[in-house]
$ cat my_file_0.cif   # mmCIF, C-alpha atoms and all ligand atoms
data_entry
#
loop_
_atom_site.group_PDB
_atom_site.id
_atom_site.type_symbol
_atom_site.label_atom_id
_atom_site.label_comp_id
_atom_site.auth_asym_id
_atom_site.auth_seq_id
_atom_site.Cartn_x
_atom_site.Cartn_y
_atom_site.Cartn_z
ATOM 1 C CA MET D 1 118.693 -190.708 164.605
ATOM 2 C CA ASP D 2 120.308 -189.006 161.641
ATOM 3 C CA ARG D 3 123.381 -186.863 161.672
ATOM 4 C CA SER D 4 121.687 -183.493 161.794
ATOM 5 C CA GLN D 5 119.249 -184.471 164.549
ATOM 6 C CA THR D 6 122.105 -185.694 166.719
ATOM 7 C CA ALA D 7 124.078 -182.524 166.042
ATOM 8 C CA ALA D 8 121.074 -180.316 166.873
ATOM 9 C CA ARG D 9 120.627 -182.093 170.211
ATOM 10 C CA LEU D 10 124.299 -181.861 171.025
ATOM 11 C CA LEU D 11 124.272 -178.142 170.232
ATOM 12 C CA GLN D 12 121.392 -177.676 172.684
ATOM 13 C CA SER D 13 123.259 -179.590 175.343
ATOM 14 C CA SER D 14 126.394 -177.531 174.668
ATOM 15 C CA ALA D 15 124.422 -174.325 175.164
ATOM 16 C CA ALA D 16 123.013 -175.599 178.477
ATOM 17 C CA HIS D 17 126.086 -177.334 179.915
ATOM 18 C CA SER D 18 129.350 -175.671 179.052
ATOM 19 C CA TYR D 19 131.859 -174.515 181.609
ATOM 20 C CA ASP D 20 134.528 -171.893 181.575
ATOM 21 C CA PRO D 21 137.353 -173.270 183.709
ATOM 22 C CA ASP D 22 138.648 -169.729 184.287
ATOM 23 C CA VAL D 23 135.422 -168.916 186.102
ATOM 24 C CA GLU D 24 134.435 -172.286 187.577
ATOM 25 C CA ILE D 25 137.782 -173.189 189.118
ATOM 26 C CA ASP D 26 139.488 -171.310 191.924
ATOM 27 C CA TRP D 27 143.032 -171.522 190.586
ATOM 28 C CA ASP D 28 144.447 -169.649 193.561
ATOM 29 C CA ALA D 29 143.125 -172.099 196.159
ATOM 30 C CA PRO D 30 145.966 -174.025 197.777
ATOM 31 C CA LEU D 31 146.188 -177.793 197.307
ATOM 32 C CA VAL D 32 144.777 -179.742 200.258
ATOM 33 C CA PRO D 33 147.442 -181.596 202.260
ATOM 34 C CA GLY D 34 146.986 -185.365 202.361
ATOM 35 C CA ARG D 35 144.595 -185.650 199.413
ATOM 36 C CA TRP D 36 145.363 -187.876 196.446
ATOM 37 C CA PHE D 37 145.675 -186.699 192.863
ATOM 38 C CA VAL D 38 144.337 -189.932 191.448
ATOM 39 C CA PRO D 39 142.404 -192.292 193.742
ATOM 40 C CA GLN D 40 145.032 -194.234 195.658
ATOM 41 C CA HIS D 41 143.978 -197.623 194.280
ATOM 42 C CA ARG D 42 144.418 -196.279 190.722
ATOM 43 C CA SER D 43 148.083 -195.426 191.176
ATOM 44 C CA SER D 44 150.024 -197.567 188.729
ATOM 45 C CA LEU D 45 152.301 -198.901 191.471
ATOM 46 C CA HIS D 46 149.663 -199.366 194.186
ATOM 47 C CA GLY D 47 150.019 -202.804 195.708
ATOM 48 C CA THR D 48 153.585 -203.430 194.474
ATOM 49 C CA PRO D 49 156.776 -203.728 196.576
ATOM 50 C CA LEU D 50 157.880 -200.406 195.041
ATOM 51 C CA TRP D 51 154.765 -198.757 196.463
ATOM 52 C CA ASP D 52 155.429 -200.306 199.864
ATOM 53 C CA GLY D 53 158.892 -198.745 199.786
ATOM 54 C CA LEU D 54 157.526 -195.193 199.314
ATOM 55 C CA SER D 55 156.805 -192.807 202.161
ATOM 56 C CA PRO D 56 153.218 -191.475 202.476
ATOM 57 C CA GLU D 57 154.423 -188.161 201.031
ATOM 58 C CA GLN D 58 156.090 -189.889 198.061
ATOM 59 C CA ARG D 59 152.913 -191.849 197.326
ATOM 60 C CA LEU D 60 150.991 -188.573 197.076
ATOM 61 C CA THR D 61 153.735 -187.136 194.864
ATOM 62 C CA LEU D 62 153.550 -190.121 192.540
ATOM 63 C CA THR D 63 149.792 -189.710 192.087
ATOM 64 C CA LYS D 64 150.346 -186.002 191.379
ATOM 65 C CA HIS D 65 152.688 -186.862 188.540
ATOM 66 C CA GLU D 66 150.334 -189.579 187.325
ATOM 67 C CA VAL D 67 147.441 -187.137 186.960
ATOM 68 C CA ALA D 68 149.796 -184.703 185.205
ATOM 69 C CA SER D 69 150.773 -187.488 182.808
ATOM 70 C CA ILE D 70 147.125 -188.295 182.072
ATOM 71 C CA ALA D 71 146.393 -184.594 181.507
ATOM 72 C CA GLY D 72 149.455 -184.302 179.244
ATOM 73 C CA LEU D 73 148.227 -187.170 177.095
ATOM 74 C CA GLY D 74 144.777 -185.544 177.121
ATOM 75 C CA VAL D 75 146.191 -182.278 175.749
ATOM 76 C CA TRP D 76 148.099 -184.164 173.054
ATOM 77 C CA PHE D 77 144.980 -186.035 171.895
ATOM 78 C CA GLU D 78 142.844 -182.913 172.073
ATOM 79 C CA THR D 79 145.310 -180.918 169.976
ATOM 80 C CA ILE D 80 145.162 -183.589 167.277
ATOM 81 C CA LEU D 81 141.373 -183.808 167.550
ATOM 82 C CA MET D 82 140.932 -180.056 167.145
ATOM 83 C CA GLN D 83 142.910 -180.200 163.886
ATOM 84 C CA LEU D 84 140.864 -183.132 162.617
ATOM 85 C CA LEU D 85 137.595 -181.388 163.415
ATOM 86 C CA ILE D 86 138.712 -178.156 161.794
ATOM 87 C CA ARG D 87 139.679 -180.065 158.640
ATOM 88 C CA GLU D 88 136.251 -181.748 158.540
ATOM 89 C CA TYR D 89 134.528 -178.446 159.174
ATOM 90 C CA TYR D 90 136.446 -176.824 156.320
ATOM 91 C CA LYS D 91 134.648 -179.107 153.837
ATOM 92 C CA GLN D 92 131.179 -178.623 155.276
ATOM 93 C CA ASP D 93 128.308 -176.209 154.917
ATOM 94 C CA PRO D 94 128.633 -173.789 157.862
ATOM 95 C CA THR D 95 124.851 -173.365 158.093
ATOM 96 C CA THR D 96 124.283 -177.014 159.069
ATOM 97 C CA ALA D 97 123.969 -178.251 162.639
ATOM 98 C CA HIS D 98 126.537 -180.954 161.959
ATOM 99 C CA ALA D 99 129.202 -178.454 160.911
ATOM 100 C CA GLN D 100 128.352 -176.140 163.786
ATOM 101 C CA TYR D 101 128.589 -178.955 166.274
ATOM 102 C CA ALA D 102 132.075 -179.882 165.003
ATOM 103 C CA LEU D 103 133.164 -176.305 165.661
ATOM 104 C CA THR D 104 131.485 -176.312 169.082
ATOM 105 C CA GLU D 105 133.469 -179.400 169.986
ATOM 106 C CA VAL D 106 136.660 -177.579 168.987
ATOM 107 C CA ALA D 107 135.631 -174.812 171.398
ATOM 108 C CA ASP D 108 135.151 -177.406 174.175
ATOM 109 C CA GLU D 109 138.554 -178.950 173.523
ATOM 110 C CA CYS D 110 140.164 -175.504 173.443
ATOM 111 C CA ARG D 111 138.916 -174.842 176.969
ATOM 112 C CA HIS D 112 139.917 -178.343 178.095
ATOM 113 C CA SER D 113 143.478 -178.027 176.876
ATOM 114 C CA VAL D 114 143.823 -174.656 178.614
ATOM 115 C CA MET D 115 142.361 -176.226 181.768
ATOM 116 C CA PHE D 116 144.705 -179.224 181.672
ATOM 117 C CA GLY D 117 147.672 -176.959 180.976
ATOM 118 C CA ARG D 118 146.802 -174.776 183.949
ATOM 119 C CA MET D 119 146.373 -177.822 186.150
ATOM 120 C CA ILE D 120 149.778 -179.230 185.178
ATOM 121 C CA ALA D 121 151.349 -175.830 185.947
ATOM 122 C CA LYS D 122 149.484 -175.556 189.249
ATOM 123 C CA LEU D 123 150.687 -179.025 190.260
ATOM 124 C CA ASP D 124 154.200 -177.928 189.352
ATOM 125 C CA CYS D 125 154.762 -181.055 187.275
ATOM 126 C CA PRO D 126 156.607 -181.437 183.971
ATOM 127 C CA VAL D 127 154.589 -181.746 180.781
ATOM 128 C CA TYR D 128 154.817 -185.467 180.090
ATOM 129 C CA ARG D 129 154.938 -185.883 176.346
ATOM 130 C CA VAL D 130 154.699 -188.886 174.049
ATOM 131 C CA GLY D 131 157.969 -190.074 172.476
ATOM 132 C CA PRO D 132 159.414 -188.772 169.155
ATOM 133 C CA PHE D 133 157.834 -191.586 167.094
ATOM 134 C CA ASP D 134 154.357 -190.806 168.394
ATOM 135 C CA GLN D 135 154.962 -187.070 168.060
ATOM 136 C CA ARG D 136 155.620 -187.599 164.350
ATOM 137 C CA LEU D 137 152.710 -190.008 164.035
ATOM 138 C CA GLY D 138 150.470 -187.434 165.753
ATOM 139 C CA THR D 139 151.506 -184.739 163.284
ATOM 140 C CA PHE D 140 150.787 -187.104 160.388
ATOM 141 C CA ILE D 141 147.416 -188.245 161.775
ATOM 142 C CA ALA D 142 146.349 -184.663 162.511
ATOM 143 C CA ALA D 143 147.099 -183.700 158.911
ATOM 144 C CA THR D 144 145.589 -186.704 157.152
ATOM 145 C CA ALA D 145 143.246 -188.916 159.191
ATOM 146 C CA THR D 146 139.635 -189.277 158.178
ATOM 147 C CA GLY D 147 136.870 -191.816 158.591
ATOM 148 C CA PRO D 148 136.736 -194.702 161.043
ATOM 149 C CA ARG D 149 140.347 -194.532 162.212
ATOM 150 C CA MET D 150 139.952 -190.908 163.148
ATOM 151 C CA TYR D 151 136.793 -191.382 165.208
ATOM 152 C CA ALA D 152 137.898 -194.667 166.765
ATOM 153 C CA ALA D 153 141.221 -193.212 167.940
ATOM 154 C CA ILE D 154 139.400 -190.270 169.468
ATOM 155 C CA LEU D 155 136.876 -192.534 171.131
ATOM 156 C CA ILE D 156 139.557 -194.680 172.761
ATOM 157 C CA ALA D 157 141.179 -191.676 174.412
ATOM 158 C CA GLU D 158 137.898 -190.038 175.377
ATOM 159 C CA GLU D 159 136.275 -193.118 176.895
ATOM 160 C CA ILE D 160 139.329 -194.126 178.909
ATOM 161 C CA LEU D 161 139.720 -190.641 180.317
ATOM 162 C CA ASP D 162 135.993 -190.614 181.001
ATOM 163 C CA ALA D 163 136.119 -193.761 183.155
ATOM 164 C CA LEU D 164 139.081 -192.497 185.190
ATOM 165 C CA GLN D 165 137.699 -188.993 185.626
ATOM 166 C CA ARG D 166 134.176 -190.074 186.549
ATOM 167 C CA GLU D 167 135.622 -192.046 189.422
ATOM 168 C CA ALA D 168 138.030 -189.280 190.488
ATOM 169 C CA ALA D 169 135.277 -186.636 190.404
ATOM 170 C CA ALA D 170 133.209 -188.673 192.881
ATOM 171 C CA ASP D 171 136.090 -189.571 195.218
ATOM 172 C CA GLU D 172 136.354 -187.420 198.366
ATOM 173 C CA SER D 173 139.908 -188.535 199.039
ATOM 174 C CA VAL D 174 140.981 -186.745 195.833
ATOM 175 C CA GLN D 175 142.173 -183.092 195.623
ATOM 176 C CA PRO D 176 139.253 -180.678 195.020
ATOM 177 C CA LEU D 177 141.096 -179.158 192.033
ATOM 178 C CA VAL D 178 141.431 -182.526 190.315
ATOM 179 C CA ARG D 179 137.815 -183.409 191.117
ATOM 180 C CA MET D 180 136.558 -180.162 189.595
ATOM 181 C CA VAL D 181 138.695 -180.480 186.468
ATOM 182 C CA SER D 182 137.457 -184.058 186.108
ATOM 183 C CA ARG D 183 133.826 -183.073 186.626
ATOM 184 C CA ILE D 184 133.907 -180.358 183.959
ATOM 185 C CA HIS D 185 135.649 -182.700 181.548
ATOM 186 C CA VAL D 186 133.258 -185.605 182.148
ATOM 187 C CA ILE D 187 130.158 -183.460 181.564
ATOM 188 C CA GLU D 188 131.420 -181.960 178.317
ATOM 189 C CA GLU D 189 133.002 -185.143 177.031
ATOM 190 C CA ALA D 190 129.707 -187.023 177.289
ATOM 191 C CA ARG D 191 128.674 -185.104 174.167
ATOM 192 C CA HIS D 192 131.926 -185.885 172.388
ATOM 193 C CA VAL D 193 131.623 -189.582 173.122
ATOM 194 C CA ARG D 194 128.093 -189.625 171.759
ATOM 195 C CA TYR D 195 129.174 -187.771 168.614
ATOM 196 C CA ALA D 196 132.220 -189.974 168.003
ATOM 197 C CA ARG D 197 130.259 -193.199 168.614
ATOM 198 C CA GLU D 198 127.509 -192.297 166.160
ATOM 199 C CA GLU D 199 129.883 -190.895 163.589
ATOM 200 C CA LEU D 200 132.103 -193.962 163.838
ATOM 201 C CA ALA D 201 129.214 -196.368 163.269
ATOM 202 C CA ARG D 202 128.133 -194.323 160.239
ATOM 203 C CA GLN D 203 131.648 -194.228 158.797
ATOM 204 C CA VAL D 204 132.084 -197.980 159.242
ATOM 205 C CA ARG D 205 128.843 -198.598 157.386
ATOM 206 C CA ALA D 206 129.954 -196.250 154.615
ATOM 207 C CA ALA D 207 133.419 -197.791 154.289
ATOM 208 C CA GLY D 208 132.288 -201.421 154.258
ATOM 209 C CA ARG D 209 133.886 -203.747 156.758
ATOM 210 C CA ARG D 210 136.339 -205.415 154.405
ATOM 211 C CA ARG D 211 138.052 -202.157 153.530
ATOM 212 C CA LEU D 212 138.972 -201.424 157.108
ATOM 213 C CA GLY D 213 142.307 -203.241 157.387
ATOM 214 C CA TYR D 214 144.456 -200.098 157.520
ATOM 215 C CA ASP D 215 142.010 -198.459 159.908
ATOM 216 C CA ARG D 216 142.222 -201.439 162.263
ATOM 217 C CA LEU D 217 145.986 -201.056 162.390
ATOM 218 C CA ILE D 218 145.918 -197.310 163.133
ATOM 219 C CA ILE D 219 143.216 -197.865 165.754
ATOM 220 C CA ALA D 220 145.372 -200.559 167.382
ATOM 221 C CA ARG D 221 148.325 -198.177 167.484
ATOM 222 C CA ALA D 222 146.152 -195.546 169.195
ATOM 223 C CA ALA D 223 145.051 -198.162 171.734
ATOM 224 C CA TYR D 224 148.656 -199.216 172.351
ATOM 225 C CA LEU D 225 149.743 -195.630 172.861
ATOM 226 C CA THR D 226 146.875 -194.849 175.222
ATOM 227 C CA GLY D 227 147.432 -197.944 177.350
ATOM 228 C CA ARG D 228 151.200 -197.601 177.453
ATOM 229 C CA ARG D 229 151.572 -193.840 177.762
ATOM 230 C CA LEU D 230 148.672 -192.951 179.992
ATOM 231 C CA ILE D 231 151.283 -193.130 182.729
ATOM 232 C CA ALA D 232 154.556 -191.846 181.255
ATOM 233 C CA PRO D 233 157.618 -193.693 182.579
ATOM 234 C CA GLY D 234 159.094 -190.323 183.595
ATOM 235 C CA VAL D 235 156.593 -190.020 186.478
ATOM 236 C CA TYR D 236 158.526 -192.578 188.512
ATOM 237 C CA ALA D 237 161.605 -190.366 188.605
ATOM 238 C CA SER D 238 159.578 -187.939 190.766
ATOM 239 C CA VAL D 239 159.871 -190.422 193.645
ATOM 240 C CA GLY D 240 163.375 -191.657 192.887
ATOM 241 C CA ILE D 241 162.381 -194.762 190.929
ATOM 242 C CA ASP D 242 164.140 -195.487 187.637
ATOM 243 C CA PRO D 243 161.548 -194.796 184.872
ATOM 244 C CA GLN D 244 162.002 -198.143 183.103
ATOM 245 C CA THR D 245 161.899 -200.073 186.384
ATOM 246 C CA GLY D 246 158.726 -198.248 187.389
ATOM 247 C CA ALA D 247 157.100 -198.778 183.988
ATOM 248 C CA ARG D 248 157.893 -202.511 184.097
ATOM 249 C CA ALA D 249 156.500 -202.827 187.615
ATOM 250 C CA ALA D 250 153.315 -201.026 186.545
ATOM 251 C CA ARG D 251 152.885 -203.297 183.515
ATOM 252 C CA SER D 252 153.078 -206.403 185.652
ATOM 253 C CA ASN D 253 151.030 -204.938 188.518
ATOM 254 C CA PRO D 254 147.659 -206.773 188.620
ATOM 255 C CA GLY D 255 146.027 -203.643 190.070
ATOM 256 C CA HIS D 256 147.199 -201.443 187.205
ATOM 257 C CA ARG D 257 146.293 -204.071 184.634
ATOM 258 C CA GLU D 258 142.821 -204.199 186.088
ATOM 259 C CA THR D 259 142.613 -200.382 185.908
ATOM 260 C CA LEU D 260 143.445 -200.439 182.191
ATOM 261 C CA ARG D 261 141.021 -203.264 181.487
ATOM 262 C CA TRP D 262 138.265 -201.546 183.470
ATOM 263 C CA ALA D 263 138.868 -198.123 181.884
ATOM 264 C CA GLY D 264 138.938 -199.647 178.394
ATOM 265 C CA ALA D 265 136.032 -202.076 178.766
ATOM 266 C CA LYS D 266 133.294 -199.888 177.267
ATOM 267 C CA VAL D 267 135.204 -198.711 174.233
ATOM 268 C CA VAL D 268 136.670 -202.172 173.599
ATOM 269 C CA ALA D 269 133.155 -203.672 173.608
ATOM 270 C CA TYR D 270 131.957 -201.014 171.182
ATOM 271 C CA LEU D 271 134.886 -201.382 168.791
ATOM 272 C CA ARG D 272 134.433 -205.162 168.846
ATOM 273 C CA GLU D 273 130.777 -204.711 167.969
ATOM 274 C CA LEU D 274 131.899 -202.720 164.915
ATOM 275 C CA ASP D 275 134.547 -205.352 164.100
ATOM 276 C CA LEU D 276 137.369 -202.837 164.432
ATOM 277 C CA ILE D 277 139.627 -204.955 166.646
ATOM 278 C CA GLY D 278 141.579 -207.632 164.824
ATOM 279 C CA GLY D 279 144.107 -208.346 162.095
ATOM 280 C CA PRO D 280 147.815 -207.590 162.465
ATOM 281 C CA GLY D 281 147.036 -204.849 164.991
ATOM 282 C CA LEU D 282 145.799 -207.365 167.527
ATOM 283 C CA VAL D 283 149.277 -207.734 168.991
ATOM 284 C CA LEU D 284 149.319 -203.982 169.728
ATOM 285 C CA TRP D 285 145.917 -204.248 171.372
ATOM 286 C CA ARG D 286 147.186 -207.072 173.585
ATOM 287 C CA ARG D 287 150.225 -205.063 174.587
ATOM 288 C CA SER D 288 148.086 -202.006 175.306
ATOM 289 C CA GLY D 289 146.670 -203.761 178.378
ATOM 290 C CA LEU D 290 143.179 -202.589 177.455
ATOM 291 C CA LEU D 291 141.902 -206.050 176.519
ATOM 292 C CA GLY D 292 142.872 -207.368 179.926
ATOM 293 C CA ASP D 293 143.677 -210.801 178.519
ATOM 294 C CA GLN D 294 147.434 -210.803 178.620
HETATM 295 FE FE FE C 301 138.404 -182.763 176.184
HETATM 296 FE FE FE C 302 136.622 -184.540 173.688
#

$ encode --input "my_file_0.cif" --output "structure tokens" --more "lines below"
Ligand SMILES: [Fe+2]
Ligand SMILES: [Fe+2]
Amino acid sequence: MDRSQTAARLLQSSAAHSYDPDVEIDWDAPLVPGRWFVPQHRSSLHGTPLWDGLSPEQRLTLTKHEVASIAGLGVWFETILMQLLIREYYKQDPTTAHAQYALTEVADECRHSVMFGRMIAKLDCPVYRVGPFDQRLGTFIAATATGPRMYAAILIAEEILDALQREAAADESVQPLVRMVSRIHVIEEARHVRYAREELARQVRAAGRRRLGYDRLIIARAAYLTGRRLIAPGVYASVGIDPQTGARAARSNPGHRETLRWAGAKVVAYLRELDLIGGPGLVLWRRSGLLGDQ
């Protein structure tokens, strides 16, 4: 299917399935006591001695901060993505479906970032941010990235969030607020994933595989960041665990490693198919946890 056909379909789907979180979500409803904020088995410390040492209330608190961390990373990626899409749109013919779809995706991400921001506030959690190096890198990427590295980085974040949120949306042990936020995001992101996958394949063909060395490195850095910062070390302080101790325990926790591998499996397979994983960036991929082989 060519670019404009895909865009026309995605525009139709956007018209039929778009959600306004202000209307769809009852922001005044109280949180439900005893429900998880991420499914219990997805908590980064689940199954570790540190987890065993937490009270039932602390375990719930930890998952609350974990979902806030995931949402914080989501907002960060979305804010970069909106800038990238606007820059692409700027060069395009506004009468084409492709250009209009790019703008429609910006509108989706606008609503998502407001929704995630409201959720973090409602959960009364801090905004977990990436470190200063990645903040600067994000500013640089937002201002300059084009082509395969742009779409691949987006795809990594979107597909990993998609796997986690699909599961959370279906899990009755999870807070209704988190399930609803996840459901809205999953439905709308399905379009974004489709768009990014097709666009990425096109861009790789256009660039020629041998010219993709720099892209592979940037993509690896995005993978590393997503795997490592999905759960910000700061979340552990919410239950009295030293952030570095908690982060180390999570990294060596077989359950958490399996979560990262599972959440990354689809996008890793796709990027491998396009030969975008390899070269000097491979070490970052390994350390991201998304390959599941180390
Ligand atoms: Fe989004
Ligand atoms: Fe998206």

$ residues_near_ligand --input "my_file_0.cif" --ligand "ligand FE 302 (chain C)" --cutoff "10 Å" --atoms "only C-alpha atoms and all ligand atoms" --output "VMD selection string"
chain D and resid 74 77 to 78 81 to 82 105 to 106 108 to 110 112 to 113 154 to 155 157 to 159 161 to 162 185 to 186 188 to 193 195 to 196

$ atom_distance --input "my_file_0.cif" --atom1 "CA of Thr259 in chain D" --atom2 "CA of Leu212 in chain D"
29.0 Å

$ atom_distance --input "my_file_0.cif" --atom1 "CA of Leu45 in chain D" --atom2 "CA of Asn253 in chain D"
6.8 Å

$ resolve_selection --input "my_file_0.cif" --expression "the PyMOL selection byres (((chain D and resi 92-104) around 6) and not hetatm)" --output "PyMOL selection string"
chain D and resi 4+7-8+11+85+89-91+105-107

$ closest_residue --input "my_file_0.cif" --among "D:Gln175, D:Thr144, D:Gln165, D:Thr48" --to "ligand FE 301 (chain C)" --atoms "all atoms listed in the file"
D:Gln165

$ atom_distance --input "my_file_0.cif" --atom1 "CA of Arg221 in chain D" --atom2 "CA of Gln40 in chain D"
28.6 Å

$ closest_residue --input "my_file_0.cif" --among "D:Ala153, D:Ala250, D:Val32, D:Val114" --to "ligand FE 301 (chain C)" --atoms "only C-alpha atoms and all ligand atoms"
D:Val114

$ resolve_selection --input "my_file_0.cif" --expression "the PyMOL selection byres (((chain D and resi 150) around 9) and not hetatm)" --output "ChimeraX atom specification"
/D:81,84,141-142,145-149,151-155,200,215,218-219

$ resolve_selection --input "my_file_0.cif" --expression "the PyMOL selection byres (((chain D and resi 42) around 9) and not hetatm)" --output "PyMOL selection string"
chain D and resi 38-41+43-46+63+164+255-256+259

$ closest_residue --input "my_file_0.cif" --among "D:Asp275, D:Gly281, D:Pro33, D:Ile156" --to "Arg205 in chain D" --atoms "only C-alpha atoms"
D:Asp275

$ residues_around --input "my_file_0.cif" --residues "Pro280 in chain D" --least-positions-apart "3" --cutoff "9 Å" --atoms "all atoms listed in the file" --output "PDB file with C-alpha atoms, keeping the file's coordinate frame"
ATOM      1  CA  GLY D 213     142.307-203.241 157.387  1.00  0.00           C
ATOM      2  CA  ARG D 216     142.222-201.439 162.263  1.00  0.00           C
ATOM      3  CA  LEU D 217     145.986-201.056 162.390  1.00  0.00           C
ATOM      4  CA  ALA D 220     145.372-200.559 167.382  1.00  0.00           C
ATOM      5  CA  VAL D 283     149.277-207.734 168.991  1.00  0.00           C
ATOM      6  CA  LEU D 284     149.319-203.982 169.728  1.00  0.00           C
TER       7      LEU D 284
END

$ closest_residue --input "my_file_0.cif" --among "D:Gly278, D:Gly117, D:Pro56, D:Pro254" --to "ligand FE 301 (chain C)" --atoms "only C-alpha atoms and all ligand atoms"
D:Gly117

$ residues_around --input "my_file_0.cif" --residues "Arg287 in chain D" --least-positions-apart "2" --cutoff "10 Å" --atoms "all atoms listed in the file" --output "number ranges by chain"
D: 220, 223-225, 227-228, 251, 282-285, 289-294

$ closest_residue --input "my_file_0.cif" --among "D:Ala16, D:Val23, D:Leu230, D:Val239" --to "Ile160 in chain D" --atoms "all atoms listed in the file"
D:Leu230

$ closest_residue --input "my_file_0.cif" --among "D:Gln5, D:Thr79, D:Ser238, D:Ser14" --to "ligand FE 301 (chain C)" --atoms "all atoms listed in the file"
D:Thr79

$ axis_aligned_box --input "my_file_0.cif" --around "range 249-252 of chain D" --padding-each-side "6 Å" --output "AutoDock Vina command-line options"
--center_x 154.7 --center_y -203.7 --center_z 185.6 --size_x 15.6 --size_y 17.4 --size_z 16.1

$ build_atoms --input "my_file_0.cif" --residues "range 80-96 of chain D" --atoms "N, CA and C atoms" --output "compact mmCIF listing (two decimals), in the coordinates of the input"
# COMPACT_ATOMS: atom_id res chain seq x y z
N ILE D 80 145.35 -182.88 168.55
CA ILE D 80 145.16 -183.59 167.28
C ILE D 80 143.69 -183.53 166.87
N LEU D 81 142.81 -183.80 167.83
CA LEU D 81 141.37 -183.81 167.55
C LEU D 81 140.89 -182.46 167.01
N MET D 82 141.37 -181.38 167.62
CA MET D 82 140.93 -180.06 167.14
C MET D 82 141.30 -179.87 165.67
N GLN D 83 142.49 -180.33 165.29
CA GLN D 83 142.91 -180.20 163.89
C GLN D 83 142.03 -181.05 162.97
N LEU D 84 141.71 -182.25 163.43
CA LEU D 84 140.86 -183.13 162.62
C LEU D 84 139.49 -182.51 162.41
N LEU D 85 138.94 -181.97 163.50
CA LEU D 85 137.60 -181.39 163.42
C LEU D 85 137.58 -180.15 162.52
N ILE D 86 138.62 -179.36 162.63
CA ILE D 86 138.71 -178.16 161.79
C ILE D 86 138.81 -178.56 160.31
N ARG D 87 139.56 -179.62 160.03
CA ARG D 87 139.68 -180.06 158.64
C ARG D 87 138.33 -180.55 158.10
N GLU D 88 137.58 -181.28 158.95
CA GLU D 88 136.25 -181.75 158.54
C GLU D 88 135.33 -180.55 158.30
N TYR D 89 135.39 -179.62 159.24
CA TYR D 89 134.53 -178.45 159.17
C TYR D 89 134.77 -177.65 157.88
N TYR D 90 136.03 -177.57 157.51
CA TYR D 90 136.45 -176.82 156.32
C TYR D 90 135.68 -177.26 155.07
N LYS D 91 135.31 -178.57 155.03
CA LYS D 91 134.65 -179.11 153.84
C LYS D 91 133.13 -178.96 153.90
N GLN D 92 132.62 -178.57 155.07
CA GLN D 92 131.18 -178.62 155.28
C GLN D 92 130.48 -177.28 155.09
N ASP D 93 129.16 -177.39 155.02
CA ASP D 93 128.31 -176.21 154.92
C ASP D 93 128.16 -175.59 156.31
N PRO D 94 128.63 -174.36 156.50
CA PRO D 94 128.63 -173.79 157.86
C PRO D 94 127.23 -173.51 158.42
N THR D 95 126.20 -173.62 157.58
CA THR D 95 124.85 -173.36 158.09
C THR D 95 124.23 -174.62 158.71
N THR D 96 124.87 -175.78 158.55
CA THR D 96 124.28 -177.01 159.07
C THR D 96 124.65 -177.24 160.54
